[in-house]
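Novice: I'd like to ask some things about the structure below.
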Amino acid sequence: MLKIQNLHAGIEEKKILKGINLEVKPGEVHAIMGPNGSGKSTLASVLAGRENFEVTDGSVEFYGKDLLELAPEERAGEGLFLAFQYPVEIPGLTTTNFIKTAVNEVRKYRGQDALDAVGFLKLMKEKMGLMNIDQSLLSRPLNEGFSGGEKKRNEIFQMAMLEPRLAILDETDSGLDIDAIRIVSNGVNKIRGKDNAVLVITHYQRLLDYIVPDFVHVLYKGRIVKSGTKELALELEERGYDFIKNEVNIGEEA
Amino acid sequence: MDTISYFKEQLNQLPQTQPAALARIRQEAADAFVQQGIPATRHEEWKYTRISSLFNKGFEWPVNQSATAVGEDQMQALRLPGSEKANELVFVNGRFSKELSVIRSKDLTVLSLEEAAAGEFEPLIAAHLGHSSDYLKDGIHAMNTAFMQGAVFVHVAKNKIIAEPVYAYHITDARAANSLSLPRSLVYISQAAELHWVETFHTLGMQESFTNQVVEMVAEKDARLFYYKIQHDAPHTNLVSTTHIRQIGQCYTYAVTISLDGHIVRNNTHVVMEAEHGEAHLYGLYFLNGNTHVDNHTIVDNAKPHCYSNELYKGVVGDSATGVFNGKIFVRQDAQKINAYQSNKNIILSDAASVNTKPQLEIFADDVKCSHGCTIGRLDEEGLFYLQSRGIPAKLAQSLLLHGFTSDILEKIKLDVIRDYADQLISQRLELL
Ligand SMILES: Nc1ncnc2c1ncn2[C@@H]1O[C@H](COP(=O)(O)OP(=O)(O)OP(=O)(O)O)[C@@H](O)[C@H]1O
Ligand SMILES: [Mg+2]
């Protein structure tokens, strides 16, 4: 479903992504790990269509379409979802109103009729139960004054409402308590299926106990420098990134 | 003939004012007007707002206004929602029209100023009429007082809650000639009374129009005043609108100004807190496009201890429009334990749009809590991307963000029909983006 080839991107003069190659197939879960500042969030943002990053080389295909040609809202319509590392606070726009607009805009993009009030409420009740989110949070302005954990849970709630084909979770686990990690993972696993894929960006093995990945990649200095199975995550947890950094830096010197 | 000479001539033709107290206030203002003229931009308070050149257009202000033909048709077109349950005060070319007005509340007294000054209300008028002149030392304010014709006095009796709001419509008839309106009112809210007041401005016709309006409001102990001003007159119209609220007992006053349209709009919004433990709220929203220029000058004068005031003005300024905010807070020497908050936040939508904002705090007491802040910025890119990433197209995302930005001011409007109406006006404005 997703095919990233030789992707280079940066901001102004700064090169951040320096040749990413990655293929994700339906039903797969990929984990991306890597030290701070290696480019994980940049990759997620470029995939979601954030304009301030400039793509200088390479291509991204999503279900055969040139993803980089699409506006962010079209990418969402095509079934891409990004759970933000830092969800944005939007004063004066209630969460419910926002989600209703999003759901119906995505439906419109897909040629489906808008949900009426009853249909929307039913869908929302169902997903609220799943994510253990309560009504009072949803009637507040979007993310405004939400605790760190509430923001993250709200991201996954939005994901559940939009039912994407590819969900990218950018450090959704950081700031979550143990129960919340379980709830969030549960939510992610619910949408996991043979047609859906998940890209999990995380620093911690712990999340991968719940969302078990098929592949683990290490991003360093804007490149995927190592890929493996879930055992790689365990190894990283034990040894840290130094051994990988050394390998890469020796390689660079040679 | 130059502007001052023309108006001087009109002044000479005004009928004798009765009683003497009124005549004296008017004469003092006439002298001040002739001496000062229309404020130029070198006047500190008019630095960003140029109105003097407007008067080169030759506004007519006939002393004897023939009853202009404002009929039911015109009224229908400009009525606010909920008018069937409101007291309607209609001013045509600055003069109160008894025929077009409807008073529904029995505890609301509406009299011509002369009539009121000749009767039991004389002491109230002597004490409060012209109080705003202590705060506005310029010719345009003096002009309104000098030419008071068809002014009204409104009185709310003690302990009475006026359930039906007052809708004050200011109509300027510019169908045949360049027209100037000088509406004036004095509103007195007695002890423990409550009043809701909504003010709007309308120009008929396409000739030049200038409205220079003054309303002075006095609130006694335990009174509650909710004042709303909605400005969306035609793009060629000019308006100076002064709202001067005087708290003479411990009370609660509330003012919301929504500005959308006009050529030049200047609002002077004042709250003078003359009693301990007073509470004042001042809110404003300007959402501007085209060449509209809106200037909000506010004053919160804390004359007594333990007063609380909260002021928030927000602006969205697009095209080549201009927003000006000047917020003065005075804390007098003996006014300790004051809490005064002020904030002005602006979003600029285009390169040609501009905002000038200036807080001005003059604090002579030492035990006070005052805060002020202003921001001018572009629409939040992060927010825009966040909404788009959820499938919401850019234009709609922008509209949702801006609506969200305005919503806390709209929510301050406590009259449901008026809030919905203002919200509708904002939504229409958003659709134009
Ligand atoms: N808007 C920006 N302007 C300048 N530099 C940026 C910008 N965004 C990201 N960068 C830089 O790009 C590099 C990669 O950042 P990115 O956020 O992608 O890292 P990350 O791998 O997600 O790190 P973390 O694990 O800390 O979240 C960093 O050096 C960062 O400072
Ligand atoms: Mg990151």
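Naming works like this for the structure tokens: A, B, ... for the chains as they're shown, residue 1 at the start of each chain, ligands 1 onward in shown order.
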I need the chain B residues near chain A as a ChimeraX atom specification; criterion: at most 7 Å, counting only C-alpha atoms.
Specialist: /B:382-383,385-386,388-393,404-405,407-408
Novice: Residues near region 363-368 of chain B, anyone? I mean within 10 Å using only C-alpha atoms, not counting same-chain ones fewer than 3 positions away, as a count of residues only.
Specialist: 18
Novice: What is the CA of Val225 (chain A)-CA of Asp170 (chain A) distance in Å, reported with one decimal?
Specialist: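 These atoms are spaced 19.1 Å apart.
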Novice: Write out as a list of chain:residue names the residues lying within 12 Å of region 232-238 of chain A, counting only C-alpha atoms and excluding same-chain residues fewer than 4 positions away.
Specialist: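 Counting only the stated atoms, we get A:His30, A:Ala31, A:Ile32, A:Met33, A:Gly34, A:Pro35, A:Ile201, A:Thr202, A:His203, A:Tyr204, A:Gln205, A:Arg206, A:Leu207, A:Leu208, A:Asp209, A:Val212, A:Pro213, A:Asp214, A:Phe215, A:Val216, A:His217, A:Val218, A:Lys226, A:Ser227, A:Gly228, A:Asp242, A:Phe243, A:Ile244, A:Lys245.
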Novice: Show me which residues are within 8 Å of ligand 1 counting only C-alpha atoms and all ligand atoms, and format the list as a PyMOL selection string.
Specialist: chain A and resi 10-12+14-16+34-44+52-53+85+170-171+202-203+219-220+222
Novice: For Lys18 (chain A), find every residue with an atom within 8 Å (counting only C-alpha atoms), except residues of its own chain fewer than 4 positions away, and show them as a VMD selection string.
Specialist: chain A and resid 6 to 9 221 to 223
Novice: Go ahead and write the residues just picked, all heavy atoms, as an mmCIF file, in the first residue's frame.
Specialist:
data_model
loop_
_atom_site.group_PDB
_atom_site.id
_atom_site.type_symbol
_atom_site.label_atom_id
_atom_site.label_comp_id
_atom_site.auth_asym_id
_atom_site.auth_seq_id
_atom_site.Cartn_x
_atom_site.Cartn_y
_atom_site.Cartn_z
ATOM 1 N N ASN A 6 13.785 6.242 -1.884
ATOM 2 C CA ASN A 6 14.859 7.245 -1.929
ATOM 3 C C ASN A 6 14.377 8.644 -1.521
ATOM 4 O O ASN A 6 14.716 9.639 -2.149
ATOM 5 C CB ASN A 6 15.451 7.266 -3.345
ATOM 6 C CG ASN A 6 16.744 8.071 -3.383
ATOM 7 O OD1 ASN A 6 17.510 8.087 -2.400
ATOM 8 N ND2 ASN A 6 16.981 8.750 -4.484
ATOM 9 N N LEU A 7 13.585 8.696 -0.471
ATOM 10 C CA LEU A 7 12.961 9.976 -0.082
ATOM 11 C C LEU A 7 13.959 10.912 0.601
ATOM 12 O O LEU A 7 14.573 10.568 1.617
ATOM 13 C CB LEU A 7 11.769 9.705 0.850
ATOM 14 C CG LEU A 7 10.961 10.936 1.287
ATOM 15 C CD1 LEU A 7 10.255 11.586 0.101
ATOM 16 C CD2 LEU A 7 9.934 10.537 2.356
ATOM 17 N N HIS A 8 14.115 12.100 0.005
ATOM 18 C CA HIS A 8 14.946 13.158 0.582
ATOM 19 C C HIS A 8 14.055 14.341 0.916
ATOM 20 O O HIS A 8 13.264 14.766 0.072
ATOM 21 C CB HIS A 8 16.014 13.629 -0.417
ATOM 22 C CG HIS A 8 17.134 12.659 -0.601
ATOM 23 N ND1 HIS A 8 16.972 11.444 -1.257
ATOM 24 C CD2 HIS A 8 18.445 12.711 -0.223
ATOM 25 C CE1 HIS A 8 18.130 10.803 -1.268
ATOM 26 N NE2 HIS A 8 19.050 11.552 -0.646
ATOM 27 N N ALA A 9 14.173 14.866 2.116
ATOM 28 C CA ALA A 9 13.374 16.043 2.460
ATOM 29 C C ALA A 9 14.111 16.869 3.497
ATOM 30 O O ALA A 9 14.970 16.362 4.227
ATOM 31 C CB ALA A 9 12.003 15.626 2.994
ATOM 32 N N LYS A 221 20.127 9.642 11.436
ATOM 33 C CA LYS A 221 20.634 10.651 10.503
ATOM 34 C C LYS A 221 19.881 10.639 9.172
ATOM 35 O O LYS A 221 20.480 10.723 8.097
ATOM 36 C CB LYS A 221 22.129 10.441 10.256
ATOM 37 C CG LYS A 221 22.991 10.807 11.462
ATOM 38 C CD LYS A 221 24.463 10.787 11.068
ATOM 39 C CE LYS A 221 25.345 11.274 12.206
ATOM 40 N NZ LYS A 221 26.777 11.085 11.879
ATOM 41 N N GLY A 222 18.586 10.472 9.249
ATOM 42 C CA GLY A 222 17.769 10.594 8.041
ATOM 43 C C GLY A 222 17.743 9.375 7.139
ATOM 44 O O GLY A 222 17.287 9.457 6.001
ATOM 45 N N ARG A 223 18.270 8.256 7.628
ATOM 46 C CA ARG A 223 18.227 7.019 6.831
ATOM 47 C C ARG A 223 17.779 5.855 7.696
ATOM 48 O O ARG A 223 18.009 5.861 8.903
ATOM 49 C CB ARG A 223 19.630 6.670 6.304
ATOM 50 C CG ARG A 223 20.073 7.509 5.144
ATOM 51 C CD ARG A 223 21.284 6.851 4.457
ATOM 52 N NE ARG A 223 21.919 7.835 3.607
ATOM 53 C CZ ARG A 223 22.958 8.586 3.984
ATOM 54 N NH1 ARG A 223 23.499 8.414 5.175
ATOM 55 N NH2 ARG A 223 23.465 9.487 3.170
#
Novice: Write out as a short mmCIF file (atom, residue, chain, number, x, y, z; two decimals) with N, CA, C and O atoms, in the first residue's frame all residues of region 14-248 of chain A that backbone DSSP assigns to strand (DSSP E or B).
Specialist:
data_model
loop_
_atom_site.label_atom_id
_atom_site.label_comp_id
_atom_site.auth_asym_id
_atom_site.auth_seq_id
_atom_site.Cartn_x
_atom_site.Cartn_y
_atom_site.Cartn_z
N LYS A 14 18.48 22.89 5.61
CA LYS A 14 18.78 21.71 6.41
C LYS A 14 18.21 20.43 5.77
O LYS A 14 17.01 20.33 5.55
N LYS A 15 19.10 19.47 5.52
CA LYS A 15 18.65 18.18 5.00
C LYS A 15 18.31 17.29 6.19
O LYS A 15 19.15 17.11 7.08
N ILE A 16 17.11 16.73 6.20
CA ILE A 16 16.73 15.89 7.34
C ILE A 16 16.59 14.43 6.92
O ILE A 16 17.18 13.54 7.51
N LEU A 17 15.81 14.19 5.88
CA LEU A 17 15.68 12.82 5.38
C LEU A 17 16.61 12.66 4.18
O LEU A 17 16.59 13.46 3.25
N LYS A 18 17.42 11.61 4.25
CA LYS A 18 18.47 11.50 3.23
C LYS A 18 18.42 10.16 2.51
O LYS A 18 19.39 9.42 2.48
N GLY A 19 17.25 9.85 1.98
CA GLY A 19 17.15 8.60 1.21
C GLY A 19 16.48 7.50 1.99
O GLY A 19 17.10 6.52 2.38
N ILE A 20 15.18 7.66 2.23
CA ILE A 20 14.42 6.64 2.97
C ILE A 20 13.81 5.66 1.96
O ILE A 20 13.22 6.08 0.96
N ASN A 21 13.96 4.39 2.24
CA ASN A 21 13.29 3.35 1.46
C ASN A 21 12.48 2.49 2.41
O ASN A 21 13.01 2.01 3.41
N LEU A 22 11.20 2.34 2.10
CA LEU A 22 10.36 1.54 3.00
C LEU A 22 9.11 1.11 2.26
O LEU A 22 8.49 1.90 1.55
N GLU A 23 8.77 -0.17 2.41
CA GLU A 23 7.52 -0.63 1.80
C GLU A 23 6.64 -1.25 2.88
O GLU A 23 7.10 -2.05 3.69
N VAL A 24 5.40 -0.83 2.89
CA VAL A 24 4.44 -1.35 3.87
C VAL A 24 3.30 -2.02 3.10
O VAL A 24 2.73 -1.42 2.19
N VAL A 29 2.43 -4.42 10.51
CA VAL A 29 2.76 -3.38 11.48
C VAL A 29 4.27 -3.16 11.45
O VAL A 29 5.04 -4.11 11.61
N HIS A 30 4.67 -1.92 11.18
CA HIS A 30 6.09 -1.57 11.18
C HIS A 30 6.37 -0.64 12.34
O HIS A 30 5.61 0.30 12.56
N ALA A 31 7.45 -0.90 13.02
CA ALA A 31 7.87 0.03 14.07
C ALA A 31 9.09 0.79 13.58
O ALA A 31 9.97 0.22 12.94
N ILE A 32 9.09 2.10 13.84
CA ILE A 32 10.28 2.89 13.53
C ILE A 32 10.84 3.44 14.83
O ILE A 32 10.14 4.10 15.59
N MET A 33 12.10 3.11 15.06
CA MET A 33 12.76 3.59 16.27
C MET A 33 13.96 4.42 15.84
O MET A 33 14.25 4.55 14.66
N GLU A 54 10.33 20.42 2.53
CA GLU A 54 10.42 20.33 1.08
C GLU A 54 11.00 18.98 0.69
O GLU A 54 12.03 18.56 1.22
N VAL A 55 10.30 18.30 -0.21
CA VAL A 55 10.81 17.02 -0.70
C VAL A 55 11.73 17.32 -1.87
O VAL A 55 11.32 17.94 -2.85
N THR A 56 12.98 16.91 -1.75
CA THR A 56 13.95 17.26 -2.80
C THR A 56 14.24 16.10 -3.75
O THR A 56 14.75 16.30 -4.84
N ASP A 57 13.90 14.90 -3.32
CA ASP A 57 14.14 13.75 -4.20
C ASP A 57 13.30 12.57 -3.72
O ASP A 57 12.85 12.55 -2.58
N GLY A 58 13.11 11.62 -4.61
CA GLY A 58 12.43 10.39 -4.23
C GLY A 58 10.94 10.43 -4.49
O GLY A 58 10.41 11.42 -4.99
N SER A 59 10.27 9.33 -4.14
CA SER A 59 8.83 9.24 -4.40
C SER A 59 8.12 8.47 -3.30
O SER A 59 8.74 7.69 -2.57
N VAL A 60 6.83 8.73 -3.17
CA VAL A 60 6.00 7.97 -2.24
C VAL A 60 4.71 7.58 -2.96
O VAL A 60 4.00 8.43 -3.48
N GLU A 61 4.47 6.29 -3.00
CA GLU A 61 3.24 5.80 -3.61
C GLU A 61 2.32 5.28 -2.52
O GLU A 61 2.77 4.60 -1.59
N PHE A 62 1.05 5.62 -2.63
CA PHE A 62 0.07 5.10 -1.67
C PHE A 62 -1.08 4.52 -2.49
O PHE A 62 -1.76 5.25 -3.20
N LYS A 65 -1.14 5.65 -5.97
CA LYS A 65 -1.20 7.09 -6.25
C LYS A 65 0.08 7.78 -5.79
O LYS A 65 0.70 7.35 -4.82
N ASP A 66 0.43 8.86 -6.47
CA ASP A 66 1.58 9.65 -6.05
C ASP A 66 1.17 10.49 -4.85
O ASP A 66 0.53 11.53 -4.98
N LEU A 80 -5.03 7.88 4.93
CA LEU A 80 -3.81 8.03 5.73
C LEU A 80 -4.15 8.80 7.00
O LEU A 80 -4.90 9.77 6.95
N PHE A 81 -3.61 8.35 8.11
CA PHE A 81 -3.88 9.05 9.35
C PHE A 81 -2.59 9.20 10.14
O PHE A 81 -1.83 8.25 10.30
N LEU A 82 -2.36 10.42 10.65
CA LEU A 82 -1.20 10.65 11.50
C LEU A 82 -1.65 11.05 12.90
O LEU A 82 -2.34 12.04 13.08
N ALA A 83 -1.27 10.23 13.88
CA ALA A 83 -1.47 10.64 15.28
C ALA A 83 -0.25 11.46 15.66
O ALA A 83 0.87 10.96 15.66
N THR A 94 -15.09 22.85 19.29
CA THR A 94 -15.28 21.69 20.16
C THR A 94 -14.83 20.42 19.45
O THR A 94 -14.92 20.30 18.23
N PRO A 141 -13.19 22.49 23.89
CA PRO A 141 -12.43 22.86 22.69
C PRO A 141 -11.29 21.87 22.45
O PRO A 141 -10.66 21.42 23.41
N LEU A 166 -3.99 3.38 6.58
CA LEU A 166 -2.65 3.40 7.16
C LEU A 166 -2.62 4.42 8.29
O LEU A 166 -2.89 5.59 8.08
N ALA A 167 -2.32 3.92 9.49
CA ALA A 167 -2.21 4.83 10.63
C ALA A 167 -0.75 4.98 11.01
O ALA A 167 -0.03 3.99 11.13
N ILE A 168 -0.30 6.23 11.14
CA ILE A 168 1.06 6.49 11.59
C ILE A 168 0.96 7.06 13.00
O ILE A 168 0.31 8.09 13.21
N LEU A 169 1.55 6.37 13.97
CA LEU A 169 1.47 6.85 15.35
C LEU A 169 2.83 7.40 15.76
O LEU A 169 3.80 6.64 15.84
N ASP A 170 2.89 8.70 15.97
CA ASP A 170 4.17 9.30 16.32
C ASP A 170 4.28 9.45 17.83
O ASP A 170 3.72 10.37 18.42
N GLY A 193 -6.08 -5.03 10.59
CA GLY A 193 -6.76 -6.11 9.89
C GLY A 193 -6.00 -6.38 8.63
O GLY A 193 -4.97 -5.77 8.39
N ASN A 196 -5.53 -3.16 6.72
CA ASN A 196 -4.99 -1.96 7.35
C ASN A 196 -3.57 -2.17 7.83
O ASN A 196 -3.22 -3.25 8.29
N ALA A 197 -2.81 -1.11 7.74
CA ALA A 197 -1.43 -1.20 8.23
C ALA A 197 -1.17 -0.10 9.25
O ALA A 197 -1.89 0.89 9.30
N VAL A 198 -0.15 -0.33 10.07
CA VAL A 198 0.19 0.65 11.10
C VAL A 198 1.70 0.89 11.10
O VAL A 198 2.49 -0.06 10.97
N LEU A 199 2.06 2.17 11.21
CA LEU A 199 3.46 2.56 11.34
C LEU A 199 3.60 3.17 12.73
O LEU A 199 3.00 4.20 13.00
N VAL A 200 4.34 2.48 13.59
CA VAL A 200 4.44 2.95 14.98
C VAL A 200 5.81 3.56 15.22
O VAL A 200 6.82 2.87 15.11
N ILE A 201 5.83 4.84 15.53
CA ILE A 201 7.10 5.47 15.91
C ILE A 201 7.16 5.48 17.43
O ILE A 201 6.24 5.97 18.08
N PHE A 215 7.81 -5.76 11.55
CA PHE A 215 9.16 -5.29 11.22
C PHE A 215 9.56 -4.14 12.14
O PHE A 215 8.71 -3.36 12.54
N VAL A 216 10.83 -4.05 12.43
CA VAL A 216 11.36 -2.93 13.21
C VAL A 216 12.49 -2.29 12.40
O VAL A 216 13.35 -2.99 11.85
N HIS A 217 12.41 -0.94 12.26
CA HIS A 217 13.45 -0.23 11.52
C HIS A 217 14.10 0.79 12.44
O HIS A 217 13.44 1.36 13.29
N VAL A 218 15.37 1.00 12.22
CA VAL A 218 16.06 2.04 12.98
C VAL A 218 16.40 3.19 12.04
O VAL A 218 17.05 2.99 11.01
N LEU A 219 15.90 4.38 12.40
CA LEU A 219 16.18 5.58 11.62
C LEU A 219 17.29 6.34 12.32
O LEU A 219 17.24 6.57 13.53
N TYR A 220 18.31 6.69 11.55
CA TYR A 220 19.42 7.45 12.14
C TYR A 220 19.96 8.38 11.07
O TYR A 220 20.21 7.98 9.94
N ARG A 223 18.27 8.26 7.63
CA ARG A 223 18.23 7.02 6.83
C ARG A 223 17.78 5.86 7.70
O ARG A 223 18.01 5.86 8.90
N ILE A 224 17.19 4.86 7.05
CA ILE A 224 16.92 3.61 7.77
C ILE A 224 18.20 2.80 7.72
O ILE A 224 18.64 2.37 6.65
N VAL A 225 18.84 2.67 8.87
CA VAL A 225 20.17 2.06 8.88
C VAL A 225 20.13 0.59 9.29
O VAL A 225 21.11 -0.13 9.13
N LYS A 226 18.99 0.18 9.83
CA LYS A 226 18.90 -1.24 10.19
C LYS A 226 17.44 -1.64 10.21
O LYS A 226 16.59 -0.87 10.67
N SER A 227 17.14 -2.82 9.70
CA SER A 227 15.78 -3.34 9.78
C SER A 227 15.82 -4.75 10.29
O SER A 227 16.81 -5.45 10.07
N GLY A 228 14.77 -5.14 10.97
CA GLY A 228 14.74 -6.51 11.48
C GLY A 228 13.34 -6.85 11.94
O GLY A 228 12.38 -6.15 11.59
#
Novice: Any idea what's packed within 9 Å of Ile418 (chain B), counting only C-alpha atoms, ignoring anything in its chain fewer than 4 positions away? Could you give it as number ranges by chain?
Specialist: B: 80-82, 198, 228, 413-414, 422-423
